[in-house]
$ cat model-v1.cif   # mmCIF, C-alpha atoms
data_data
#
loop_
_atom_site.label_atom_id
_atom_site.label_comp_id
_atom_site.auth_asym_id
_atom_site.auth_seq_id
_atom_site.Cartn_x
_atom_site.Cartn_y
_atom_site.Cartn_z
CA MET A 1 13.33 12.34 17.12
CA PHE A 2 9.71 12.34 16.13
CA ARG A 3 7.08 13.85 18.39
CA ARG A 4 3.42 14.61 17.82
CA GLY A 5 3.82 17.58 15.52
CA LEU A 6 0.37 17.12 14.00
CA ARG A 7 -2.13 19.45 15.61
CA SER A 8 -5.83 20.00 16.03
CA TYR A 9 -8.04 20.88 13.14
CA ILE A 10 -10.58 22.79 15.20
CA ILE A 11 -9.00 26.21 14.72
CA ALA A 12 -8.97 28.12 11.47
CA PHE A 13 -5.63 28.64 9.84
CA ALA A 14 -4.12 31.47 7.82
CA ALA A 15 -1.26 30.15 5.74
CA ILE A 16 -1.02 26.40 6.30
CA TRP A 17 -2.86 23.59 7.94
CA LEU A 18 -1.52 20.61 9.86
CA ILE A 19 -2.81 17.08 9.49
CA ALA A 20 -4.18 15.26 12.55
CA MET A 21 -2.99 11.80 13.57
CA THR A 22 -6.19 10.56 15.17
CA ALA A 23 -6.58 6.83 14.59
CA GLY A 24 -9.23 5.79 12.12
CA CYS A 25 -9.87 9.35 10.84
CA ALA A 26 -10.07 10.76 7.38
CA SER A 27 -9.21 14.23 8.50
CA GLY A 28 -8.11 17.61 7.32
CA PRO A 29 -8.00 21.19 8.43
CA ASN A 30 -11.35 22.76 9.14
CA SER A 31 -10.91 26.25 7.83
CA GLY A 32 -14.51 27.14 8.50
CA ASN A 33 -14.51 29.81 5.82
CA GLY A 34 -12.20 28.30 3.25
CA ALA A 35 -9.31 30.52 4.29
CA ALA A 36 -6.60 28.28 2.87
CA ALA A 37 -8.12 28.29 -0.57
CA SER A 38 -9.50 31.77 -0.87
CA GLY A 39 -8.06 34.04 1.76
CA GLY A 40 -11.36 33.78 3.64
CA ASP A 41 -13.44 36.09 1.45
CA GLY A 42 -14.85 33.65 -1.11
CA GLU A 43 -12.90 35.30 -3.92
CA SER A 44 -9.68 34.43 -5.68
CA ALA A 45 -6.66 36.71 -5.68
CA ALA A 46 -7.87 37.97 -9.06
CA GLY A 47 -11.27 38.83 -7.57
CA SER A 48 -13.30 36.12 -9.29
CA LYS A 49 -16.00 34.34 -7.31
CA LEU A 50 -15.00 31.00 -5.80
CA GLU A 51 -17.40 28.09 -5.40
CA LYS A 52 -17.70 26.32 -2.06
CA ILE A 53 -16.94 22.64 -1.62
CA ARG A 54 -16.40 20.67 1.59
CA TYR A 55 -13.58 18.15 1.49
CA ALA A 56 -12.14 15.75 4.10
CA PRO A 57 -8.55 14.84 3.15
CA LEU A 58 -6.61 11.82 4.27
CA SER A 59 -5.35 11.86 7.84
CA GLY A 60 -1.74 11.81 8.95
CA VAL A 61 1.30 12.66 6.89
CA SER A 62 -0.36 10.97 3.90
CA GLY A 63 -2.54 14.05 3.50
CA LEU A 64 0.26 16.59 3.75
CA ALA A 65 0.73 17.07 -0.01
CA VAL A 66 -2.87 18.30 -0.26
CA SER A 67 -2.28 20.99 2.34
CA PHE A 68 0.91 21.89 0.50
CA GLY A 69 -1.11 22.26 -2.70
CA ALA A 70 -3.66 24.45 -0.97
CA GLU A 71 -0.89 26.74 0.23
CA LYS A 72 0.42 26.91 -3.34
CA GLY A 73 -3.04 28.05 -4.47
CA PHE A 74 -3.94 25.08 -6.66
CA PHE A 75 -7.52 24.83 -5.36
CA GLU A 76 -8.08 28.54 -5.79
CA GLU A 77 -6.75 28.28 -9.36
CA GLU A 78 -9.58 25.85 -10.03
CA GLY A 79 -12.09 28.36 -8.69
CA LEU A 80 -12.71 26.50 -5.44
CA ASP A 81 -13.30 27.84 -1.96
CA VAL A 82 -12.51 24.62 -0.08
CA GLU A 83 -13.64 23.98 3.46
CA PHE A 84 -11.27 21.31 4.74
CA ILE A 85 -13.07 19.17 7.26
CA SER A 86 -11.93 16.74 9.95
CA THR A 87 -14.08 13.67 10.42
CA LYS A 88 -13.83 10.35 12.20
CA ASP A 89 -16.39 8.79 9.86
CA PRO A 90 -16.04 9.92 6.23
CA ILE A 91 -19.01 7.89 4.97
CA ALA A 92 -21.28 9.32 7.65
CA GLY A 93 -20.08 12.78 6.65
CA LEU A 94 -21.09 12.12 3.06
CA THR A 95 -24.47 10.62 3.86
CA SER A 96 -25.33 13.45 6.27
CA LYS A 97 -24.39 15.95 3.52
CA ASP A 98 -21.88 17.63 5.85
CA ILE A 99 -19.08 16.70 3.44
CA ASP A 100 -19.03 16.63 -0.36
CA VAL A 101 -15.86 14.66 -1.11
CA VAL A 102 -13.61 12.49 1.09
CA ASP A 103 -10.41 10.51 0.98
CA VAL A 104 -11.36 7.07 2.23
CA ALA A 105 -10.23 3.45 2.35
CA THR A 106 -11.33 1.65 -0.80
CA THR A 107 -12.97 -1.18 1.10
CA THR A 108 -14.92 1.23 3.28
CA ALA A 109 -16.29 3.00 0.21
CA ILE A 110 -17.15 -0.24 -1.61
CA VAL A 111 -18.99 -1.82 1.31
CA ALA A 112 -20.87 1.38 2.18
CA ALA A 113 -21.98 2.02 -1.40
CA GLY A 114 -22.69 -1.67 -1.93
CA LYS A 115 -25.06 -1.60 1.02
CA GLY A 116 -26.89 1.41 -0.37
CA ALA A 117 -25.11 4.49 0.98
CA PRO A 118 -25.60 7.42 -1.44
CA VAL A 119 -21.93 7.71 -2.32
CA LYS A 120 -19.76 6.98 -5.35
CA ILE A 121 -16.06 6.33 -5.89
CA VAL A 122 -14.84 9.06 -8.24
CA SER A 123 -11.08 8.47 -8.40
CA SER A 124 -8.15 6.59 -6.96
CA MET A 125 -5.97 8.49 -4.50
CA PHE A 126 -2.34 9.37 -5.20
CA ARG A 127 -1.40 5.84 -4.20
CA THR A 128 -3.41 2.64 -4.21
CA LYS A 129 -1.00 0.06 -2.75
CA GLY A 130 -0.92 -0.30 1.01
CA PRO A 131 1.86 1.80 2.57
CA PHE A 132 2.04 -0.53 5.55
CA TYR A 133 4.95 -2.30 7.18
CA LEU A 134 5.13 -5.10 9.72
CA ILE A 135 7.88 -3.98 12.08
CA ALA A 136 9.14 -6.05 14.98
CA SER A 137 11.39 -5.62 17.99
CA PRO A 138 15.10 -6.30 17.29
CA GLU A 139 15.16 -9.81 18.71
CA ILE A 140 12.50 -11.03 16.26
CA GLN A 141 14.23 -11.98 13.02
CA ASN A 142 11.34 -12.97 10.77
CA VAL A 143 7.57 -13.39 10.57
CA GLU A 144 7.74 -17.00 11.73
CA ASP A 145 9.24 -15.81 15.02
CA LEU A 146 5.92 -14.14 15.84
CA LYS A 147 4.30 -17.43 16.84
CA GLY A 148 3.08 -16.99 20.41
CA LYS A 149 3.77 -13.23 20.31
CA LYS A 150 1.61 -10.09 20.49
CA VAL A 151 0.96 -8.35 17.19
CA GLY A 152 -0.52 -4.87 16.82
CA ILE A 153 -3.13 -4.61 14.06
CA ALA A 154 -4.24 -0.95 14.48
CA VAL A 155 -8.01 -1.35 14.65
CA PHE A 156 -9.95 -4.60 14.44
CA GLY A 157 -11.57 -4.92 11.02
CA SER A 158 -9.34 -2.31 9.41
CA GLY A 159 -7.31 -2.60 6.25
CA LEU A 160 -4.18 -2.74 8.37
CA GLU A 161 -5.49 -5.90 10.01
CA VAL A 162 -6.09 -7.36 6.54
CA TYR A 163 -2.42 -6.83 5.74
CA ALA A 164 -1.24 -8.23 9.07
CA GLN A 165 -3.39 -11.34 8.76
CA PHE A 166 -2.40 -11.96 5.15
CA ILE A 167 1.31 -11.62 5.90
CA LEU A 168 1.02 -14.07 8.78
CA LYS A 169 -0.97 -16.49 6.61
CA GLU A 170 1.71 -16.41 3.92
CA HIS A 171 4.23 -17.50 6.56
CA GLY A 172 2.11 -20.34 7.87
CA LEU A 173 0.66 -18.56 10.90
CA THR A 174 -3.02 -18.33 11.80
CA PRO A 175 -4.76 -15.78 14.05
CA ASP A 176 -4.70 -18.47 16.76
CA ASP A 177 -0.90 -18.52 16.65
CA VAL A 178 -0.60 -14.92 17.85
CA THR A 179 -2.41 -12.45 20.09
CA PHE A 180 -3.81 -9.52 18.13
CA ILE A 181 -3.77 -6.17 19.90
CA ALA A 182 -5.77 -3.12 18.80
CA ASN A 183 -2.97 -0.59 19.28
CA SER A 184 -4.23 2.26 17.07
CA THR A 185 -2.04 3.82 14.37
CA HIS A 186 0.92 6.12 13.80
CA GLN A 187 2.59 7.30 17.02
CA ALA A 188 0.36 5.24 19.31
CA ALA A 189 1.28 2.06 17.43
CA TYR A 190 4.95 2.96 17.56
CA ALA A 191 4.77 3.64 21.29
CA SER A 192 3.22 0.21 21.84
CA LEU A 193 6.28 -1.38 20.24
CA GLU A 194 8.70 0.85 22.17
CA THR A 195 7.11 -0.03 25.51
CA GLY A 196 6.82 -3.76 24.80
CA GLN A 197 3.02 -3.86 24.70
CA VAL A 198 3.41 -5.61 21.36
CA ASP A 199 6.26 -7.59 19.83
CA ALA A 200 5.41 -6.41 16.33
CA THR A 201 2.97 -4.02 14.71
CA ILE A 202 1.60 -3.07 11.32
CA ILE A 203 2.41 0.61 10.82
CA HIS A 204 2.83 3.51 8.39
CA GLU A 205 5.86 5.58 7.56
CA PRO A 206 7.67 7.51 8.90
CA PHE A 207 7.55 5.15 11.87
CA ALA A 208 9.11 2.20 10.05
CA SER A 209 12.11 4.38 9.22
CA LEU A 210 12.10 5.84 12.73
CA ALA A 211 12.27 2.35 14.23
CA GLU A 212 15.31 1.58 12.10
CA LYS A 213 17.01 4.89 12.89
CA GLN A 214 16.45 4.56 16.64
CA GLY A 215 17.20 0.84 16.79
CA LYS A 216 13.77 0.13 18.29
CA GLY A 217 12.75 -2.32 15.58
CA HIS A 218 13.06 -3.34 11.96
CA ILE A 219 10.87 -4.19 8.99
CA ILE A 220 10.11 -7.90 8.64
CA ALA A 221 7.48 -7.53 5.90
CA THR A 222 6.44 -4.81 3.45
CA GLY A 223 2.72 -4.76 2.76
CA TRP A 224 2.60 -4.22 -0.99
CA ASP A 225 4.98 -7.13 -1.58
CA TYR A 226 2.27 -9.42 -0.23
CA LEU A 227 -0.85 -7.72 -1.56
CA PRO A 228 0.19 -5.90 -4.76
CA THR A 229 -3.37 -5.64 -6.11
CA PHE A 230 -5.15 -4.80 -2.86
CA HIS A 231 -6.56 -1.32 -3.54
CA THR A 232 -6.31 0.91 -0.49
CA GLY A 233 -7.43 4.47 -1.27
CA VAL A 234 -10.08 6.37 -3.24
CA LEU A 235 -11.82 9.70 -3.34
CA ALA A 236 -15.56 9.34 -2.86
CA ALA A 237 -18.34 11.90 -3.33
CA ARG A 238 -21.93 12.10 -2.16
CA ASP A 239 -24.57 11.50 -4.80
CA GLY A 240 -26.11 14.94 -4.23
CA ILE A 241 -23.09 16.93 -5.37
CA LEU A 242 -22.56 14.59 -8.31
CA GLU A 243 -26.09 15.36 -9.43
CA GLU A 244 -26.24 19.07 -8.58
CA LYS A 245 -22.71 20.42 -9.06
CA PRO A 246 -20.57 17.75 -10.73
CA GLU A 247 -18.18 20.37 -12.10
CA LEU A 248 -16.96 21.05 -8.53
CA VAL A 249 -15.89 17.44 -8.14
CA GLU A 250 -13.98 17.64 -11.41
CA LYS A 251 -12.21 20.80 -10.25
CA LEU A 252 -11.34 19.31 -6.88
CA LEU A 253 -9.82 16.23 -8.51
CA ARG A 254 -7.69 18.40 -10.77
CA ALA A 255 -6.43 20.42 -7.80
CA TYR A 256 -5.82 17.26 -5.78
CA PHE A 257 -3.59 15.66 -8.40
CA LYS A 258 -1.92 18.96 -9.24
CA SER A 259 -0.96 19.17 -5.55
CA GLN A 260 0.41 15.64 -5.53
CA GLU A 261 2.37 16.08 -8.75
CA TYR A 262 3.90 19.34 -7.58
CA ALA A 263 4.94 17.86 -4.23
CA LYS A 264 6.56 14.86 -5.87
CA SER A 265 8.34 16.86 -8.58
CA HIS A 266 9.64 19.50 -6.14
CA PRO A 267 11.09 17.27 -3.39
CA ASP A 268 13.26 19.91 -1.72
CA GLU A 269 10.38 22.37 -1.48
CA TYR A 270 8.03 19.65 -0.24
CA LYS A 271 10.53 18.39 2.35
CA ALA A 272 10.94 21.92 3.67
CA TYR A 273 7.15 22.21 3.99
CA TYR A 274 6.99 18.80 5.67
CA LEU A 275 9.67 19.75 8.21
CA LYS A 276 7.99 23.08 8.88
CA ASN A 277 4.78 21.30 9.81
CA ILE A 278 5.98 18.09 11.42
CA GLU A 279 8.76 17.71 13.94
CA ILE A 280 10.82 14.86 12.58
CA ASP A 281 14.47 13.95 12.09
CA PRO A 282 15.31 14.99 8.49
CA GLU A 283 17.20 11.74 7.99
CA VAL A 284 14.11 9.75 8.95
CA LEU A 285 12.04 11.81 6.53
CA ASP A 286 14.50 11.12 3.70
CA LEU A 287 14.38 7.39 4.40
CA ALA A 288 10.58 7.36 4.50
CA LEU A 289 10.07 9.37 1.31
CA LYS A 290 12.67 7.36 -0.60
CA ARG A 291 11.10 4.06 0.46
CA GLU A 292 7.61 5.11 -0.62
CA GLU A 293 8.48 6.90 -3.85
CA VAL A 294 7.50 3.75 -5.74
CA LEU A 295 3.98 4.03 -4.30
CA TRP A 296 3.50 7.70 -5.19
CA GLU A 297 1.98 6.98 -8.59
CA ASN A 298 -0.44 9.92 -8.87
CA ASN A 299 -2.65 7.85 -11.15
CA PRO A 300 -6.34 8.72 -10.71
CA ASP A 301 -7.55 5.76 -12.76
CA VAL A 302 -9.52 3.06 -10.95
CA ASN A 303 -8.47 -0.48 -11.83
CA ILE A 304 -11.62 -2.62 -11.81
CA ASN A 305 -9.65 -5.86 -11.56
CA ALA A 306 -7.82 -4.55 -8.51
CA LEU A 307 -11.12 -3.60 -6.86
CA ASN A 308 -12.46 -7.09 -7.45
CA ASP A 309 -9.24 -8.66 -6.16
CA THR A 310 -9.55 -6.47 -3.08
CA GLN A 311 -13.10 -7.60 -2.44
CA GLN A 312 -12.14 -11.26 -2.85
CA ILE A 313 -9.26 -10.95 -0.38
CA GLN A 314 -11.61 -9.25 2.08
CA LYS A 315 -14.16 -12.03 1.67
CA ASP A 316 -11.57 -14.81 2.00
CA LEU A 317 -10.36 -13.33 5.29
CA GLY A 318 -13.89 -12.78 6.61
CA PHE A 319 -13.82 -8.98 6.40
CA GLN A 320 -16.57 -8.76 3.77
CA ASP A 321 -19.75 -10.83 3.48
CA GLU A 322 -20.24 -10.58 -0.27
CA ILE A 323 -18.72 -9.30 -3.48
CA TYR A 324 -20.49 -6.13 -4.62
CA GLU A 325 -21.17 -5.18 -8.23
CA LEU A 326 -19.07 -2.15 -9.07
CA GLU A 327 -21.24 -0.63 -11.80
CA ASP A 328 -23.41 1.29 -9.33
CA ILE A 329 -20.50 2.16 -7.03
CA LEU A 330 -18.27 4.02 -9.51
CA ASP A 331 -18.66 7.40 -11.20
CA LEU A 332 -15.43 7.99 -13.07
CA ARG A 333 -16.55 10.84 -15.35
CA PHE A 334 -14.33 13.39 -13.64
CA ILE A 335 -10.96 11.66 -13.57
CA PRO A 336 -8.38 14.23 -14.77
CA LYS A 337 -7.12 13.68 -18.28
CA LYS A 338 -3.43 12.92 -18.54
#
$ encode --input "model-v1.cif" --output "structure tokens"
Amino acid sequence: MFRRGLRSYIIAFAAIWLIAMTAGCASGPNSGNGAAASGGDGESAAGSKLEKIRYAPLSGVSGLAVSFGAEKGFFEEEGLDVEFISTKDPIAGLTSKDIDVVDVATTTAIVAAGKGAPVKIVSSMFRTKGPFYLIASPEIQNVEDLKGKKVGIAVFGSGLEVYAQFILKEHGLTPDDVTFIANSTHQAAYASLETGQVDATIIHEPFASLAEKQGKGHIIATGWDYLPTFHTGVLAARDGILEEKPELVEKLLRAYFKSQEYAKSHPDEYKAYYLKNIEIDPEVLDLALKREEVLWENNPDVNINALNDTQQIQKDLGFQDEIYELEDILDLRFIPKK
């Protein structure tokens, strides 16, 4: 069984950090003094001086590989003393200069930068296709059966709602054919299906696999099958650090992808770390990781066509007022070389 094994970021940590499940966050452990990366003294194990950078990783289990990489020392190897920060508003954190680099939804970064926020997209995240599933209670056989039903869409205006609306549209249903419910994400969304508050919900793993294992529901649509070019995740940096200390962004990106590559190429070690941090049925974990292996691309490149497709989909569904020029939104100088 899966319980809330993801804990608060407020306290400092010594050996590991745990990723929070707060809905709508881009969150990470707040070490305060960079303890995970440097042992808390601003120096590497070899005694060399580490440089400070403040980074807000992705929330939920999606950010776990980064914490794994920090424990392995990959950020320290790059000479970084990383302060991992929890934030409910990653763009506000960048613009206030409280954060240097964040994991953030692609659409959030594009719209913010397009409207003049002093931020730039510097890389894709480890995956760019939406890891979202429309799961429904057992009696609902297909998407068409949702007519007249209650559908959880996480948060109104979110990328998860984009996926839910698009899936319904592809099956001939309009927003007027269902009742949308803002049921949050992760465990809260799963609980809303368990208790009958919704008949179906858009959700992340491992909850799709958990629903199958527990017989509480089943997958009726997989997000990336419907929106294969909808770009869902980037790393963004504030203009100030790109101007003043761009080398730190380059180092952070190297450590980020080194962490992801190591986690993917050492599955047994990563699973053990996962289970140590998150209370979950190992069989559910195996199902979830196997299902999403195809998404774990670890490709930092930013596909311009995909970003424009993403903007057009947003505009067509009424989630974005205009299509923004990408030239002033991207700074891809620091993407790690393959």
$ closest_atom_pairs --input "model-v1.cif" --of "segment 263-300 of chain A" --to "segment 132-144 of chain A" --cutoff "12 Å" --atoms "all atoms listed in the file" --output "JSON lines"
{"residue": "A:Ala288", "atom": "CA", "partner": "A:Tyr133", "partner_atom": "CA", "distance": 11.5}
{"residue": "A:Arg291", "atom": "CA", "partner": "A:Tyr133", "partner_atom": "CA", "distance": 11.1}
{"residue": "A:Glu292", "atom": "CA", "partner": "A:Phe132", "partner_atom": "CA", "distance": 10.0}
{"residue": "A:Leu295", "atom": "CA", "partner": "A:Phe132", "partner_atom": "CA", "distance": 11.0}
$ resolve_selection --input "model-v1.cif" --expression "the PyMOL selection byres ((chain A and resi 237) around 7)" --output "PyMOL selection string"
chain A and resi 94+100-102+119-122+235-236+238-239
$ resolve_selection --input "model-v1.cif" --expression "the PyMOL selection byres ((chain A and resi 274) around 12)" --output "number ranges by chain"
A: 5-6, 16-19, 60-68, 206, 263, 267-273, 275-282, 284-286, 289
$ resolve_selection --input "model-v1.cif" --expression "the PyMOL selection byres ((chain A and resi 177) around 8)" --output "PyMOL selection string"
chain A and resi 147-149+173-176+178-179
$ closest_residue --input "model-v1.cif" --among "A:Ile220, A:Phe166, A:Pro228, A:Ile329" --to "Ala117 of chain A" --atoms "all atoms listed in the file"
A:Ile329
$ atom_distance --input "model-v1.cif" --atom1 "atom CA of Val198 of chain A" --atom2 "atom CA of Ala221 of chain A"
16.1 Å
$ closest_residue --input "model-v1.cif" --among "A:Pro131, A:Gly196, A:Pro90, A:Pro300" --to "Ala112 of chain A" --atoms "all atoms listed in the file"
A:Pro90
$ closest_residue --input "model-v1.cif" --among "A:Ala92, A:Ile335, A:Val302, A:Leu317" --to "Glu250 of chain A" --atoms "all atoms listed in the file"
A:Ile335
$ atom_distance --input "model-v1.cif" --atom1 "atom CA of Thr106 of chain A" --atom2 "atom CA of Ile53 of chain A"
21.7 Å
$ closest_residue --input "model-v1.cif" --among "A:Arg333, A:His218, A:Lys258, A:Lys150" --to "Pro246 of chain A" --atoms "all atoms listed in the file"
A:Arg333
